[in-house]
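Just coords_15.csv here, CSV, C-alpha atoms:
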```csv
chain,number,residue,atom,x,y,z
A,1,ILE,CA,-17.6,6.9,-4.6
A,2,ASP,CA,-21.1,7.2,-5.9
A,3,HIS,CA,-21.3,5.4,-9.3
A,4,ASP,CA,-23.2,8.5,-10.7
A,5,VAL,CA,-20.1,10.6,-10.1
A,6,ASP,CA,-17.8,11.1,-13.1
A,7,VAL,CA,-14.6,10.3,-11.3
A,8,LEU,CA,-12.4,11.2,-14.2
A,9,SER,CA,-13.7,14.7,-14.1
A,10,LEU,CA,-12.7,15.3,-10.5
A,11,ASP,CA,-10.1,17.9,-9.9
A,12,GLY,CA,-7.3,17.9,-7.3
A,13,GLU,CA,-9.3,19.8,-4.6
A,14,GLU,CA,-12.2,17.3,-5.0
A,15,ILE,CA,-9.8,14.4,-4.6
A,16,GLU,CA,-8.5,16.1,-1.4
A,17,GLN,CA,-12.0,16.3,-0.1
A,18,ILE,CA,-12.6,12.6,-0.8
A,19,ALA,CA,-9.4,11.7,1.1
A,20,ASN,CA,-10.4,13.9,4.0
A,21,ARG,CA,-13.9,12.3,4.1
A,22,THR,CA,-12.3,8.9,4.0
A,23,ARG,CA,-10.2,9.8,7.1
A,24,LYS,CA,-13.2,11.1,8.9
A,25,THR,CA,-15.3,8.0,8.0
A,26,LEU,CA,-12.6,5.7,9.3
A,27,GLY,CA,-12.1,7.8,12.5
A,28,LEU,CA,-8.5,8.5,11.7
A,29,GLY,CA,-8.4,12.0,12.9
A,30,LEU,CA,-5.8,14.3,11.4
A,31,GLY,CA,-2.5,12.8,12.7
A,32,PRO,CA,-0.1,10.2,11.2
A,33,ILE,CA,-1.6,6.8,10.3
A,34,SER,CA,0.4,4.4,12.5
A,35,ASP,CA,-0.2,1.3,10.2
A,36,VAL,CA,-1.5,1.9,6.7
A,37,THR,CA,-1.7,-1.8,5.8
A,38,LEU,CA,-3.6,-2.6,9.0
A,39,MET,CA,-6.0,0.3,8.3
A,40,VAL,CA,-6.8,-1.1,4.8
A,41,GLU,CA,-7.0,-4.7,6.0
A,42,ASN,CA,-9.5,-3.6,8.7
A,43,LEU,CA,-11.8,-2.8,5.7
A,44,SER,CA,-11.5,-6.4,4.6
A,45,VAL,CA,-9.1,-5.5,1.8
A,46,VAL,CA,-6.5,-8.2,1.2
A,47,VAL,CA,-3.0,-6.9,1.0
A,48,VAL,CA,-0.1,-9.0,-0.4
A,49,ASN,CA,3.5,-7.9,-0.3
A,50,TYR,CA,5.0,-9.6,-3.4
A,51,PRO,CA,8.3,-9.3,-5.3
A,52,LEU,CA,6.9,-7.5,-8.3
A,53,PRO,CA,8.9,-6.8,-11.5
A,54,GLU,CA,11.3,-3.9,-11.3
A,55,GLY,CA,9.5,-0.6,-11.9
A,56,MET,CA,6.1,-1.9,-10.7
A,57,ASP,CA,5.1,-0.6,-7.3
A,58,GLY,CA,1.7,-2.2,-7.0
A,59,LEU,CA,-1.7,-3.1,-8.4
A,60,SER,CA,-5.2,-3.4,-7.2
A,61,ALA,CA,-8.4,-5.0,-8.4
A,62,TYR,CA,-11.7,-6.6,-7.3
A,63,TYR,CA,-11.8,-10.4,-7.5
A,64,GLY,CA,-15.6,-10.8,-7.5
A,65,GLU,CA,-16.6,-8.6,-4.6
A,66,ARG,CA,-13.3,-8.9,-2.8
A,67,PRO,CA,-10.8,-6.0,-3.2
A,68,PHE,CA,-7.1,-7.0,-3.4
A,69,ILE,CA,-4.0,-4.9,-3.2
A,70,VAL,CA,-0.6,-6.3,-4.2
A,71,VAL,CA,2.5,-4.1,-3.5
A,72,SER,CA,6.2,-4.6,-4.0
A,73,SER,CA,7.8,-6.5,-1.1
A,74,GLU,CA,11.1,-4.8,-2.0
A,75,ALA,CA,9.9,-1.3,-1.2
A,76,SER,CA,11.1,0.5,1.9
A,77,TYR,CA,8.9,1.1,4.9
A,78,ALA,CA,7.8,4.6,3.8
A,79,ARG,CA,7.5,3.8,0.1
A,80,SER,CA,5.5,0.7,0.9
A,81,ARG,CA,3.0,2.7,2.9
A,82,MET,CA,2.6,5.2,0.1
A,83,ASN,CA,2.1,2.3,-2.4
A,84,VAL,CA,-0.6,0.8,-0.2
A,85,ALA,CA,-2.3,4.2,0.1
A,86,HIS,CA,-2.0,4.7,-3.7
A,87,GLU,CA,-3.7,1.4,-4.5
A,88,PHE,CA,-6.3,2.0,-1.8
A,89,GLY,CA,-7.0,5.3,-3.7
A,90,HIS,CA,-7.6,3.3,-6.9
A,91,LEU,CA,-10.1,1.1,-5.0
A,92,VAL,CA,-11.9,4.1,-3.5
A,93,LEU,CA,-11.9,6.3,-6.7
A,94,HIS,CA,-11.8,4.0,-9.6
A,95,GLY,CA,-13.9,0.9,-8.7
A,96,ALA,CA,-16.3,1.7,-11.6
A,97,VAL,CA,-13.7,2.9,-14.0
A,98,GLY,CA,-13.3,0.4,-16.8
A,99,ASP,CA,-17.0,-0.3,-17.2
A,100,GLY,CA,-17.3,1.0,-20.7
A,101,VAL,CA,-14.2,3.2,-20.4
A,102,GLU,CA,-11.3,2.7,-22.7
A,103,MET,CA,-8.1,2.9,-20.6
A,104,ASP,CA,-5.9,4.7,-23.1
A,105,PHE,CA,-2.6,6.3,-22.1
A,106,GLU,CA,-4.1,9.6,-21.2
A,107,THR,CA,-6.8,8.0,-19.1
A,108,PHE,CA,-4.2,5.9,-17.4
A,109,LYS,CA,-2.1,9.0,-16.6
A,110,LEU,CA,-5.2,10.7,-15.2
A,111,VAL,CA,-6.2,7.8,-12.9
A,112,GLU,CA,-2.6,7.4,-11.7
A,113,SER,CA,-2.4,11.1,-10.8
A,114,GLN,CA,-5.7,11.0,-9.0
A,115,ALA,CA,-4.6,8.0,-7.0
A,116,TRP,CA,-1.3,9.7,-6.0
A,117,ARG,CA,-3.2,12.9,-5.0
A,118,PHE,CA,-5.5,10.8,-2.9
A,119,ALA,CA,-2.6,8.9,-1.2
A,120,GLY,CA,-0.8,12.2,-0.5
A,121,ALA,CA,-3.9,13.7,1.0
A,122,LEU,CA,-4.7,10.6,3.0
A,123,LEU,CA,-1.2,10.2,4.5
A,124,LEU,CA,-0.4,14.0,4.8
A,125,PRO,CA,-3.6,15.9,5.3
A,126,ALA,CA,-3.0,19.5,4.5
A,127,GLU,CA,-4.7,20.9,7.6
A,128,SER,CA,-2.4,19.2,10.1
A,129,PHE,CA,0.7,18.3,8.1
A,130,LEU,CA,1.4,21.9,7.1
A,131,LYS,CA,1.5,22.9,10.8
A,132,ASP,CA,4.5,20.7,11.2
A,133,VAL,CA,6.4,22.2,8.3
A,134,TYR,CA,8.8,24.8,9.9
A,135,SER,CA,11.5,24.5,7.2
A,136,THR,CA,11.9,22.9,3.8
A,137,SER,CA,15.5,21.9,4.3
A,138,LEU,CA,16.2,18.2,3.7
A,139,ASP,CA,17.1,17.7,7.4
A,140,ALA,CA,13.8,19.2,8.5
A,141,LEU,CA,11.9,17.1,5.9
A,142,LEU,CA,13.7,14.0,7.4
A,143,LEU,CA,12.1,14.8,10.7
A,144,LEU,CA,8.7,15.0,9.0
A,145,LYS,CA,9.4,11.6,7.5
A,146,GLU,CA,10.0,10.1,10.9
A,147,LYS,CA,6.7,11.4,12.2
A,148,TRP,CA,4.4,10.9,9.3
A,149,GLY,CA,6.0,7.7,7.8
A,150,VAL,CA,6.3,9.2,4.3
A,151,SER,CA,9.5,9.4,2.3
A,152,VAL,CA,11.3,12.8,1.9
A,153,ALA,CA,10.8,12.5,-1.9
A,154,ALA,CA,7.0,12.1,-1.4
A,155,ILE,CA,6.9,15.0,1.1
A,156,ILE,CA,8.6,17.2,-1.5
A,157,ARG,CA,6.0,16.2,-4.0
A,158,ARG,CA,3.2,16.9,-1.5
A,159,LEU,CA,4.6,20.4,-0.7
A,160,ASP,CA,4.8,21.0,-4.4
A,161,THR,CA,1.2,19.9,-4.9
A,162,LEU,CA,0.0,22.2,-2.1
A,163,GLY,CA,1.8,25.2,-3.5
A,164,ILE,CA,4.3,25.5,-0.7
A,165,LEU,CA,7.3,25.1,-3.0
A,166,ASP,CA,7.9,26.7,-6.3
A,167,ARG,CA,9.5,25.0,-9.3
A,168,GLU,CA,13.0,26.3,-8.5
A,169,GLN,CA,12.7,25.0,-4.9
A,170,VAL,CA,11.6,21.6,-6.0
A,171,LYS,CA,14.4,21.4,-8.5
A,172,TYR,CA,16.9,22.5,-5.8
A,173,LEU,CA,15.7,19.9,-3.3
A,174,ASN,CA,15.7,17.1,-5.9
A,175,ILE,CA,19.3,18.0,-6.7
A,176,GLN,CA,20.2,17.8,-3.0
A,177,LEU,CA,18.5,14.4,-2.8
A,178,ARG,CA,20.8,13.1,-5.6
A,179,GLN,CA,23.9,14.7,-4.1
A,180,ARG,CA,23.2,13.0,-0.8
A,181,GLN,CA,22.3,9.8,-2.7
A,182,TRP,CA,18.9,9.8,-1.0
A,183,SER,CA,17.3,9.3,-4.4
A,184,LYS,CA,18.3,5.6,-4.1
A,185,ALA,CA,17.9,5.1,-0.3
A,186,GLU,CA,16.9,7.7,2.3
A,187,PRO,CA,17.9,7.6,6.0
A,188,GLY,CA,15.4,5.4,7.8
A,189,ASP,CA,14.7,3.2,4.8
A,190,ASP,CA,16.1,0.2,6.7
A,191,LYS,CA,13.1,0.2,9.0
A,192,PRO,CA,11.1,-3.0,8.5
A,193,ARG,CA,8.1,-2.5,6.3
A,194,GLU,CA,4.5,-3.1,7.6
A,195,LEU,CA,3.3,-6.7,7.6
A,196,ALA,CA,0.1,-7.9,6.0
A,197,ARG,CA,-2.0,-9.8,8.6
A,198,LEU,CA,-5.3,-10.7,7.1
A,199,PHE,CA,-4.2,-13.7,5.1
A,200,ASN,CA,-2.3,-15.1,8.1
A,201,ARG,CA,-5.2,-14.6,10.5
A,202,THR,CA,-7.4,-16.4,8.1
A,203,ALA,CA,-5.0,-19.3,8.0
A,204,GLU,CA,-4.8,-19.4,11.8
A,205,TYR,CA,-8.6,-19.4,12.1
A,206,LEU,CA,-9.0,-22.2,9.6
A,207,GLY,CA,-6.1,-24.1,11.2
A,208,SER,CA,-7.8,-24.0,14.6
A,209,ARG,CA,-11.4,-24.3,13.4
A,210,GLU,CA,-11.0,-26.8,10.5
A,211,ASN,CA,-7.6,-28.3,11.3
A,212,LEU,CA,-6.5,-27.1,7.9
A,213,ARG,CA,-2.7,-27.1,7.4
A,214,LEU,CA,-0.9,-24.3,5.5
A,215,ASP,CA,-0.1,-26.6,2.6
A,216,GLN,CA,-3.8,-27.7,2.3
A,217,LEU,CA,-4.9,-24.1,2.5
A,218,ALA,CA,-2.4,-23.1,-0.3
A,219,GLU,CA,-3.9,-25.9,-2.4
A,220,GLU,CA,-7.4,-24.6,-1.8
A,221,PHE,CA,-6.4,-21.1,-3.0
A,222,ARG,CA,-5.3,-22.5,-6.4
A,223,LEU,CA,-2.7,-19.7,-6.6
A,224,PRO,CA,1.0,-20.0,-7.1
A,225,SER,CA,2.6,-21.1,-3.8
A,226,SER,CA,5.1,-18.2,-3.9
A,227,PHE,CA,2.1,-15.7,-4.0
A,228,VAL,CA,0.3,-17.5,-1.2
A,229,ALA,CA,3.5,-17.5,0.9
A,230,SER,CA,3.9,-13.8,0.3
A,231,GLY,CA,0.3,-13.2,1.4
A,232,LEU,CA,0.8,-15.2,4.5
A,233,GLU,CA,4.2,-13.5,5.1
A,234,VAL,CA,5.9,-16.9,5.6
A,235,ASP,CA,8.8,-18.7,3.9
A,236,PRO,CA,7.6,-20.8,0.9
A,237,GLU,CA,8.9,-23.9,2.5
A,238,ALA,CA,6.2,-23.5,5.2
A,239,LEU,CA,3.7,-24.5,2.5
A,240,ASN,CA,5.4,-27.9,1.8
A,241,PRO,CA,3.3,-30.9,3.0
A,242,PRO,CA,4.7,-32.8,5.9
A,243,SER,CA,7.3,-35.4,4.9
A,244,SER,CA,6.2,-39.0,5.0
A,245,GLU,CA,8.7,-39.7,7.8
A,246,ASN,CA,6.7,-37.4,10.1
A,247,VAL,CA,3.4,-39.2,9.2
A,248,VAL,CA,2.3,-42.3,11.2
A,249,GLN,CA,0.7,-44.9,9.0
A,250,PHE,CA,-2.1,-47.0,10.5
A,251,ARG,CA,-2.8,-50.4,8.9
A,252,PRO,CA,-6.2,-52.1,9.3
A,253,ARG,CA,-6.3,-55.3,11.2
A,254,LYS,CA,-6.5,-58.5,9.1
```

Output the file's structure as structure tokens, nothing else.
Amino acid sequence: IDHDVDVLSLDGEEIEQIANRTRKTLGLGLGPISDVTLMVENLSVVVVNYPLPEGMDGLSAYYGERPFIVVSSEASYARSRMNVAHEFGHLVLHGAVGDGVEMDFETFKLVESQAWRFAGALLLPAESFLKDVYSTSLDALLLLKEKWGVSVAAIIRRLDTLGILDREQVKYLNIQLRQRQWSKAEPGDDKPRELARLFNRTAEYLGSRENLRLDQLAEEFRLPSSFVASGLEVDPEALNPPSSENVVQFRPRK
């Protein structure tokens, strides 16, 4: 986003246009995004799946010039994809927000709603997604979930945003979600979530090029080992240095 643009003044339609331009710039077409995490990592954005506190879905920030996204590793496949898209929306839209802007509660709600609108438009572009909507029953929406990789709950929200559903329909569908107990876990939520690869590929490169072990790399990061392990998508024990019994000691000649 151009720094001269007042992002906080953008309305929903303008956010939709930005999401559509983002798709076009990235050559994504108008179909489902097969791997949202990989799409973001291909832009050199580091993604880490980490066990965040309950109620926290994700966060994003710039560390120097490097953008980072951290999302809950406990989220389902579909929810995790939406979380990554949401945090990506913050990076696209709100990189300059905070420079001289007081983030009060109203501003926070605004930037959150903008990021959700961006994520919905990015994952479910109106032009193509609505062509797939032949019914708004939960079973029909479940088929859309399978194709687009977005939860039924998020699809309902998207249809509401696009004016396809009225208030009573949204209320009715949400009641049905609770009756089927889909508000806790939807069918298909057991599908493995997307893996982050950028951290791991960096480790593999440094291991082959610099002969740097994972435990040495973790020490260089100067970050909690649990966080580094999550970034690498490995068990924390993989970051332990080799035990002394596996190390051959050479003594100099007398």

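The gap separating CA of Val150 (chain A) from CA of Arg180 (chain A) is 18.1 Å, in Å to one decimal.
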
Practice prompt. Would you mind telling me which residue in A:Tyr205, A:Tyr77, A:Trp148, A:Phe88 lies nearest to Ser60 (chain A) when using all atoms listed in the file?
Written response: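 The answer is A:Phe88, which sits nearest to Ser60 (chain A).
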
Worksheet item: If you measure from CA of Glu146 (chain A) to CA of Gln181 (chain A), what distance in Å do you get, rounded to one decimal?
Response: 18.3 Å

Discussion item. Could you list, as a count of residues only, every residue within 12 Å of Glu65 (chain A), counting all atoms listed in the file and ignoring same-chain residues fewer than 6 positions away?
Written reply: 5

Practice prompt. Write out as an MDAnalysis selection string the residues lying within 12 Å of Val92 (chain A), counting all atoms listed in the file and excluding same-chain residues fewer than 2 positions away.
Written response: chainID A and resid 1:3 7 15 18:19 21:22 40 43 45 60:62 67 69 85:90 94:97 111 114:115 118:119 122

Worksheet item: Counting all atoms listed in the file, which of A:Trp116, A:Phe68, A:Phe199, A:Tyr63 gets nearest to Gly12 (chain A)?
Response: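 Distance minimum relative to Gly12 (chain A) lands on A:Trp116.
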
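As for CA of Glu204 (chain A) and CA of Leu28 (chain A), they are spaced 28.1 Å apart.
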
Worksheet item: Of the candidates A:Asp11, A:Asp190, A:Asp160, A:Glu233, which one gets nearest to Pro51 (chain A) if we count all atoms listed in the file?
Response: A:Glu233
